[in-house]
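Visitor: Quick one: the structure is below, and I'll ask about it shortly.
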Amino acid sequence: RVLFRSFEEPQLNRFFGQFGANVVSTFCIRSKRNHQSLGTAFVQFDDNSVLKTVIEECHGMLLGGRTIRARRVRINRPLPTKKAIQARMNRAHAIEARGVKMNQFDLGKKQQEAAKEDVKKVVGYLIKYSRTEGRQNDALKALG
């Protein structure tokens, strides 16, 4: 977990492109809840001979104040296409704009009554503690 949460695929393409390698695809592992990067990314190059150079140059490099750990990994499935990555980024931006969808729960009558009793208890405690705090503030004012 070394990349910033705000790091996205186009930024990775630019970063790894500076080493003279042609980047075929990049893929950031993201959270399913908020679509933020979890700090791990996979990069695929068109030429394997460049891979050794990129690993030597990048491993231990500071990127945004964080140390990059670069290593060769074999993935058993193909990386997502640029179209799929763009669709995922659009969904993430839409969620940021309008917020996460709230789930609605159907509570039974017993659960609703228990919830009302819990609310009454909490309100009672709040009233009690606010009165106590008021008395304490008055006592502090009297002391000067």
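Following the order of the structure tokens, chains are lettered A, B, ..., residues in each are numbered from 1, and ligands are numbered from 1.
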Can you list, as a ChimeraX atom specification, every protein, DNA or RNA residue that comes within 10 Å of range 55-67 of chain A when you count only C-alpha atoms, leaving out same-chain residues fewer than 2 positions away?
Guide: /A:1-4,15-16,19,50-53,69-72
Visitor: Go through A:Ala142, A:Ser49, A:Ala94, A:Gln44 one by one, measure the shortest atom-to-atom distance of each to Ile75 in chain A using only C-alpha atoms, and give the residue with the smallest value.
Guide: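 Looking only at the distances to Ile75 in chain A, the closest residue turns out to be A:Gln44.
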Visitor: Determine which residues of chain A DSSP labels as strand (DSSP E) from the backbone of this structure, then write them out as a PyMOL selection string.
Guide: chain A and resi 23-30+37-45+62-63+66-67
Visitor: Using only C-alpha atoms for the distances, tell me which of A:Ser130, A:Asn34, A:Asn137, A:Thr40 is nearest to Leu12 in chain A.
Guide: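 Closest candidate: A:Thr40.
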Visitor: Nearest to Met89 in chain A: which of A:Gln36, A:Asn22, A:Asn48, A:Gln11 is it, counting only C-alpha atoms?
Guide: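 For Met89 in chain A, the nearest of the given residues is A:Gln36.
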Visitor: How far is it from CA of Arg91 in chain A to CA of Asn76 in chain A, in Å with one decimal?
Guide: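 It comes out at 26.1 Å.
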Visitor: Could you give me, as JSON lines, every range 56-137 of chain A residue with an atom at most 9 Å from range 23-29 of chain A, plus its closest atom pair and distance in Å to one decimal, counting only C-alpha atoms, rows ordered by chain then number?
Guide:
```
{"residue": "A:Leu79", "atom": "CA", "partner": "A:Phe27", "partner_atom": "CA", "distance": 6.8}
{"residue": "A:Pro80", "atom": "CA", "partner": "A:Phe27", "partner_atom": "CA", "distance": 7.1}
{"residue": "A:Thr81", "atom": "CA", "partner": "A:Ser25", "partner_atom": "CA", "distance": 7.5}
{"residue": "A:Lys82", "atom": "CA", "partner": "A:Ser25", "partner_atom": "CA", "distance": 7.4}
{"residue": "A:Ile85", "atom": "CA", "partner": "A:Phe27", "partner_atom": "CA", "distance": 7.7}
```
Visitor: I need the residues from that last selection saved to file as a compact mmCIF listing (two decimals), in the first residue's frame (with C-alpha atoms), if you can.
Guide:
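Listed below is the output, part.txt:
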```
# COMPACT_ATOMS: atom_id res chain seq x y z
CA LEU A 79 -5.98 -6.68 -16.97
CA PRO A 80 -9.17 -4.65 -17.51
CA THR A 81 -9.45 -2.71 -20.75
CA LYS A 82 -9.15 1.07 -20.86
CA ILE A 85 -11.30 1.41 -16.33
```
Visitor: List every residue of chain A that DSSP, applied to the backbone, labels as helix (DSSP H, G or I), and write the result as a PyMOL selection string.
Guide: chain A and resi 9-17+49-58+82-98+109-143
